[in-house]
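To start, the structure under review is shown below, and the notes come after it.
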Amino acid sequence: MSRPRVPWLYRVVRDRSGQTSPLAVILILGITVLGTTAVVTLGGAALDETKQASNAARAEHAMTLFDSKMAITALGDSQSQAVELGGSGDGQYIVRDDTTRLIITHKNYDEFGSEEEIYNETLGSIEYRDGDVTIAYEGGGVWRTQDNGTSMISPPEFHYRGATLTLPLIQVTGKGGSGRNAVADITELKQADPVYPNSSVSYANTSTNYVNPVRNGTVEVTVESPQYRGWAQFFDDRTEGNITVYHSNQSVSVELETLGLVGEFAMPNEGNSINVRGMAGDHNVSEYTLNLTAGPHFQNMHWSMYYDGPDEDIEFHIYSDGKCKNNGDFNGDIDISIYYSNQSGTYQGWQKSNIDPEANSDISVDCSTDPGTLSVNLTGTNTDLTYGDIDMTGSDNKWYFGPEIKSTSARSSVTFDQHPSDSGTTYTAGDQQTMDFLTNHYLSLMSPRFELTVTDGPGGSERVDERASSGALVYDQAEGGRFITFLHVTENRVQVRVY
C-alpha cells in the first residue's frame, strides 16, 4: 500500500528549511485561523445586514399601520387610537415635531408679481432609525430613506385630480421614543381647521378673500424634509407641474398654474390683457362674447383683442361705420375680421363686411341707452366669414397688426387639420366658414396659454369705454396635471406619545 501524499505546502517548507514539523504546523494553523476569522467576519456582517433588513421590514409594516390609525384620528371620527409598533431590534422610534416644513405660496396672485404665503408650518414626523435606515411618517405618508435614496411606502395626503388640489395637512406634536416593544398613543387636537378657502382671510393689501376658484398666477407647494427625494418622485408621478429640487436645503417644490380667466370678465383697459391658461386644444370654446359700451359713439370704431406671441399672432377685429342716432336707431354696419399668422411671411385672413346688426343674431347694437352697447358673439353660428386678403378700411394704424397686413398677403390656401374637430378642409380665396368654427380653431392653436390684449382706435382716439364694457370666455380645461382651479387646504393636529 502506498503512503498518503504529503501536502504540497508542507513539502515546500520541509525541503527549503529543513525545519519541517514546527513550521508546517505553524503555517497550517495560521491559514486555519485566517480562514476562520474571514468566515466569522464576513458572515457576521452578512448576518447583521440580514437582521437590519428584517427589522426595517417589520418597521415598515408597523409604520403603515400607524399611518392608517393617524388618518382615522386626524381625518376620521375617532378622537384617539393606540398602535403597537412592536420590537425594533437595534432601531429606535422617536417623535419629532420640529421637522418636515410645508409651504404653500400663491405667486403673482394679482398679476403684478405679488406673492401670498398661504401656509408655512412644520408638520412633524414619527421616525424609525436603525443605522443608515430611516422609516418616517410625515405629511400623511410613509417613506424609507437609505443610502441617500428615498422610496415611498404609502402616499402622503396630497390629492390632485381634475385641477383640484386637496391637502388635509396632518400636523404632529408630541414627544417620546422607544427601542423595545414601542407603543404609540394618538390623540386628536384639531380637525379640519380651514386654511383655503377661508373667507375670513384676505390677500395682502387687497379685499380679495381666500376663495375658489383660484385665479391668476401659480400655486407652489414646497416640502422641506430629509425625505425630499421621495416627495420629488411623488410629485413627478402625480402631477405635470414644474418641479424643482433643492439639494442644499433638502427641499422640493411643485408649481401648478392657475386656470386663468374662465367665464365673465370686466373688459381690460386698452393695452391690458385677460390671461387664458389651461385651455383645451380641440374646439372647446363654448362662449366668446363682447359687450362694448360706446365712448362716446361707435362712428369709425376700430377695436380689437389680439395676441402677439413668439411664434403665432392673432387679432379679432371689429369695425363700425355708424353710431346711435337721437331716435334710438343705429345708422351703420359692422365688419368682423380674424387675422392669424405663424411667422411664415403670409397670413390667414377671414372677414365679413357690411353686417346689418338688425338682421344678424350674432351682432347687435342697443341704442336704447346712452351711450349705446355693441354686442358681438364670436362663437355665433349664424355668421359666415370669407377667406382671403383683409380690407382694413383705411390706414394700417387702425389694426394692431396693420403693418403686417399691409406689407403681406393672405396665404393662397390653408388646410384645417390640426385638431380632431377640424374638418380637414382646404380653404382658398372666397371660401366661407362659420365664425364659431373659426374662433374655436384659432384659439385652439393658441392653447393652452396665451393673453388677449385690448386695442382701441383708430390711432390715438378711442371709441369704446372699456371701464363700462365686459365680455365672457368659457372653455374646457386642458387635460394634464399642471393646472389648478380649486384649492382645498385644512390643518389637522394630533398629539403622539411613543413609549
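Chain labels A, B, ... are given in the sequence in which chains occur in the C-alpha cells; within each chain residues are numbered consecutively from 1, and ligands are likewise numbered from 1 in the order shown.
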
Write out as a ChimeraX atom specification each polymer residue whose atoms come within 12 Å of A:Arg493, counting only C-alpha atoms; drop sequence neighbours fewer than 6 positions from it. /A:70-71,73-75,79,97,121-124,139-140,168-174,186-193

For the residues in the current selection, export N, CA, C and O atoms as a CSV table (one decimal), in the first residue's frame.
```csv
chain,number,residue,atom,x,y,z
A,70,MET,N,-53.4,57.0,12.2
A,70,MET,CA,-53.3,58.5,12.2
A,70,MET,C,-54.5,59.1,11.3
A,70,MET,O,-55.1,60.1,11.7
A,71,ALA,N,-54.7,58.5,10.2
A,71,ALA,CA,-55.8,59.0,9.3
A,71,ALA,C,-57.1,58.9,10.0
A,71,ALA,O,-58.0,59.9,9.9
A,73,THR,N,-57.7,59.1,13.2
A,73,THR,CA,-57.8,60.0,14.2
A,73,THR,C,-57.8,61.5,13.7
A,73,THR,O,-58.7,62.3,14.1
A,74,ALA,N,-56.9,61.8,12.8
A,74,ALA,CA,-56.8,63.2,12.3
A,74,ALA,C,-57.9,63.6,11.4
A,74,ALA,O,-58.4,64.7,11.4
A,75,LEU,N,-58.4,62.6,10.5
A,75,LEU,CA,-59.3,62.9,9.5
A,75,LEU,C,-60.6,62.2,9.6
A,75,LEU,O,-61.6,62.6,9.0
A,79,GLN,N,-61.4,60.0,18.1
A,79,GLN,CA,-60.6,61.0,18.8
A,79,GLN,C,-59.3,60.5,19.3
A,79,GLN,O,-58.4,61.3,19.6
A,97,ASP,N,-41.3,67.0,16.4
A,97,ASP,CA,-42.3,68.0,15.9
A,97,ASP,C,-41.6,69.2,15.3
A,97,ASP,O,-42.2,70.3,15.1
A,121,GLU,N,-45.8,76.0,7.9
A,121,GLU,CA,-45.7,75.4,9.2
A,121,GLU,C,-45.0,74.0,9.1
A,121,GLU,O,-44.9,73.4,8.1
A,122,THR,N,-44.4,73.6,10.3
A,122,THR,CA,-43.8,72.3,10.4
A,122,THR,C,-44.9,71.3,10.6
A,122,THR,O,-45.9,71.5,11.3
A,123,LEU,N,-44.8,70.1,9.9
A,123,LEU,CA,-45.8,69.1,10.1
A,123,LEU,C,-45.3,68.0,11.1
A,123,LEU,O,-46.2,67.3,11.7
A,124,GLY,N,-44.0,67.9,11.4
A,124,GLY,CA,-43.6,66.9,12.3
A,124,GLY,C,-43.5,65.6,11.7
A,124,GLY,O,-44.0,65.3,10.6
A,139,GLY,N,-46.5,64.0,6.7
A,139,GLY,CA,-47.4,64.5,5.7
A,139,GLY,C,-48.5,63.5,5.3
A,139,GLY,O,-49.0,63.6,4.2
A,140,GLY,N,-48.7,62.6,6.2
A,140,GLY,CA,-49.8,61.6,5.9
A,140,GLY,C,-49.2,60.4,5.1
A,140,GLY,O,-50.0,59.6,4.6
A,168,PRO,N,-55.3,67.8,3.1
A,168,PRO,CA,-55.6,67.8,4.5
A,168,PRO,C,-54.4,67.6,5.3
A,168,PRO,O,-53.9,66.4,5.6
A,169,LEU,N,-53.8,68.7,5.7
A,169,LEU,CA,-52.4,68.6,6.4
A,169,LEU,C,-52.6,68.0,7.8
A,169,LEU,O,-53.4,68.5,8.6
A,170,ILE,N,-51.7,67.1,8.1
A,170,ILE,CA,-51.7,66.4,9.4
A,170,ILE,C,-50.4,66.9,10.1
A,170,ILE,O,-49.3,66.6,9.7
A,171,GLN,N,-50.6,67.7,11.2
A,171,GLN,CA,-49.5,68.2,11.9
A,171,GLN,C,-49.3,67.4,13.2
A,171,GLN,O,-50.2,67.2,14.0
A,172,VAL,N,-48.1,66.9,13.4
A,172,VAL,CA,-47.7,66.0,14.5
A,172,VAL,C,-47.1,66.9,15.6
A,172,VAL,O,-46.1,67.6,15.4
A,173,THR,N,-47.6,66.7,16.8
A,173,THR,CA,-46.9,67.3,18.0
A,173,THR,C,-46.7,66.1,19.0
A,173,THR,O,-47.4,65.1,18.9
A,174,GLY,N,-45.8,66.3,19.9
A,174,GLY,CA,-45.7,65.2,20.9
A,174,GLY,C,-44.2,65.0,21.3
A,174,GLY,O,-43.3,65.8,21.0
A,186,ILE,N,-52.2,58.1,20.0
A,186,ILE,CA,-52.5,59.2,19.1
A,186,ILE,C,-53.8,59.9,19.6
A,186,ILE,O,-54.8,59.2,19.8
A,187,THR,N,-53.8,61.2,19.7
A,187,THR,CA,-54.9,61.9,20.2
A,187,THR,C,-55.2,63.1,19.3
A,187,THR,O,-54.3,63.9,19.0
A,188,GLU,N,-56.4,63.3,19.0
A,188,GLU,CA,-56.8,64.4,18.1
A,188,GLU,C,-56.8,65.7,18.9
A,188,GLU,O,-57.3,65.8,20.0
A,189,LEU,N,-56.2,66.8,18.3
A,189,LEU,CA,-56.2,68.1,19.0
A,189,LEU,C,-57.0,69.1,18.2
A,189,LEU,O,-57.7,70.0,18.7
A,190,LYS,N,-57.0,69.0,16.8
A,190,LYS,CA,-57.7,69.9,16.0
A,190,LYS,C,-58.0,69.2,14.7
A,190,LYS,O,-57.2,68.5,14.1
A,191,GLN,N,-59.2,69.4,14.1
A,191,GLN,CA,-59.6,68.7,12.9
A,191,GLN,C,-60.2,69.7,11.9
A,191,GLN,O,-61.1,70.5,12.3
A,192,ALA,N,-59.8,69.6,10.7
A,192,ALA,CA,-60.3,70.4,9.5
A,192,ALA,C,-60.4,71.9,9.8
A,192,ALA,O,-61.4,72.5,9.5
A,193,ASP,N,-59.4,72.4,10.4
A,193,ASP,CA,-59.3,73.9,10.5
A,193,ASP,C,-59.0,74.5,9.1
A,193,ASP,O,-58.0,74.2,8.5
```

From the list A:Glu315, A:His283, A:Leu487, A:Tyr347, the nearest residue to A:Pro420 using only C-alpha atoms is A:His283

Need to verify the contact set: A:Ser304, 7 Å, only C-alpha atoms, exclusion of same-chain residues closer than 5 positions in sequence. Can you return it as number ranges by chain? A: 315-318, 454-456

Using all heavy atoms, can you export the residues from the last selection as a PDB file, in the first residue's frame?
```pdb
ATOM      1  N   GLU A 315     -55.625  88.318 -34.197  1.00  0.00           N
ATOM      2  CA  GLU A 315     -56.368  89.539 -33.891  1.00  0.00           C
ATOM      3  C   GLU A 315     -57.822  89.345 -34.285  1.00  0.00           C
ATOM      4  O   GLU A 315     -58.127  89.006 -35.433  1.00  0.00           O
ATOM      5  CB  GLU A 315     -55.769  90.745 -34.620  1.00  0.00           C
ATOM      6  CG  GLU A 315     -56.475  92.049 -34.285  1.00  0.00           C
ATOM      7  CD  GLU A 315     -55.735  93.280 -34.816  1.00  0.00           C
ATOM      8  OE1 GLU A 315     -54.626  93.116 -35.383  1.00  0.00           O
ATOM      9  OE2 GLU A 315     -56.263  94.399 -34.659  1.00  0.00           O
ATOM     10  N   PHE A 316     -58.717  89.556 -33.300  1.00  0.00           N
ATOM     11  CA  PHE A 316     -60.150  89.609 -33.560  1.00  0.00           C
ATOM     12  C   PHE A 316     -60.517  91.085 -33.652  1.00  0.00           C
ATOM     13  O   PHE A 316     -60.442  91.809 -32.650  1.00  0.00           O
ATOM     14  CB  PHE A 316     -60.932  88.928 -32.433  1.00  0.00           C
ATOM     15  CG  PHE A 316     -60.703  87.445 -32.332  1.00  0.00           C
ATOM     16  CD1 PHE A 316     -59.686  86.943 -31.526  1.00  0.00           C
ATOM     17  CD2 PHE A 316     -61.494  86.550 -33.039  1.00  0.00           C
ATOM     18  CE1 PHE A 316     -59.474  85.572 -31.422  1.00  0.00           C
ATOM     19  CE2 PHE A 316     -61.292  85.176 -32.944  1.00  0.00           C
ATOM     20  CZ  PHE A 316     -60.267  84.693 -32.142  1.00  0.00           C
ATOM     21  N   HIS A 317     -60.931  91.528 -34.839  1.00  0.00           N
ATOM     22  CA  HIS A 317     -61.101  92.956 -35.099  1.00  0.00           C
ATOM     23  C   HIS A 317     -62.569  93.269 -35.399  1.00  0.00           C
ATOM     24  O   HIS A 317     -63.220  92.553 -36.169  1.00  0.00           O
ATOM     25  CB  HIS A 317     -60.236  93.386 -36.285  1.00  0.00           C
ATOM     26  CG  HIS A 317     -60.211  94.862 -36.518  1.00  0.00           C
ATOM     27  ND1 HIS A 317     -59.297  95.686 -35.917  1.00  0.00           N
ATOM     28  CD2 HIS A 317     -61.008  95.662 -37.271  1.00  0.00           C
ATOM     29  CE1 HIS A 317     -59.506  96.931 -36.300  1.00  0.00           C
ATOM     30  NE2 HIS A 317     -60.547  96.950 -37.130  1.00  0.00           N
ATOM     31  N   ILE A 318     -63.068  94.362 -34.789  1.00  0.00           N
ATOM     32  CA  ILE A 318     -64.443  94.814 -35.004  1.00  0.00           C
ATOM     33  C   ILE A 318     -64.407  96.254 -35.506  1.00  0.00           C
ATOM     34  O   ILE A 318     -63.762  97.117 -34.893  1.00  0.00           O
ATOM     35  CB  ILE A 318     -65.257  94.728 -33.700  1.00  0.00           C
ATOM     36  CG1 ILE A 318     -65.219  93.297 -33.142  1.00  0.00           C
ATOM     37  CG2 ILE A 318     -66.698  95.176 -33.934  1.00  0.00           C
ATOM     38  CD1 ILE A 318     -65.787  93.177 -31.744  1.00  0.00           C
ATOM     39  N   VAL A 454     -56.308  94.294 -25.337  1.00  0.00           N
ATOM     40  CA  VAL A 454     -57.245  95.235 -25.958  1.00  0.00           C
ATOM     41  C   VAL A 454     -56.497  96.349 -26.665  1.00  0.00           C
ATOM     42  O   VAL A 454     -55.523  96.899 -26.135  1.00  0.00           O
ATOM     43  CB  VAL A 454     -58.181  95.836 -24.890  1.00  0.00           C
ATOM     44  CG1 VAL A 454     -59.011  96.979 -25.464  1.00  0.00           C
ATOM     45  CG2 VAL A 454     -59.081  94.758 -24.307  1.00  0.00           C
ATOM     46  N   THR A 455     -56.946  96.674 -27.888  1.00  0.00           N
ATOM     47  CA  THR A 455     -56.501  97.883 -28.564  1.00  0.00           C
ATOM     48  C   THR A 455     -57.728  98.597 -29.103  1.00  0.00           C
ATOM     49  O   THR A 455     -58.661  97.968 -29.598  1.00  0.00           O
ATOM     50  CB  THR A 455     -55.499  97.588 -29.691  1.00  0.00           C
ATOM     51  OG1 THR A 455     -55.082  98.812 -30.295  1.00  0.00           O
ATOM     52  CG2 THR A 455     -56.090  96.686 -30.755  1.00  0.00           C
ATOM     53  N   ASP A 456     -57.746  99.939 -28.989  1.00  0.00           N
ATOM     54  CA  ASP A 456     -58.924 100.742 -29.317  1.00  0.00           C
ATOM     55  C   ASP A 456     -58.477 101.907 -30.192  1.00  0.00           C
ATOM     56  O   ASP A 456     -57.539 102.630 -29.844  1.00  0.00           O
ATOM     57  CB  ASP A 456     -59.567 101.232 -28.016  1.00  0.00           C
ATOM     58  CG  ASP A 456     -60.902 101.929 -28.226  1.00  0.00           C
ATOM     59  OD1 ASP A 456     -61.327 102.060 -29.389  1.00  0.00           O
ATOM     60  OD2 ASP A 456     -61.507 102.328 -27.224  1.00  0.00           O
TER      61      ASP A 456
END
```

Going by DSSP on the backbone, which residues of stretch 354-469 of chain A come out as helix (DSSP H, G or I)? List them as a PyMOL selection string. chain A and resi 396-398+402-407+435-446+466-468

Choose the residue, out of A:Tyr128, A:Tyr119, A:Phe112, A:Tyr499, that has the smallest atom-to-atom separation from A:Pro197; count only C-alpha atoms. A:Tyr119
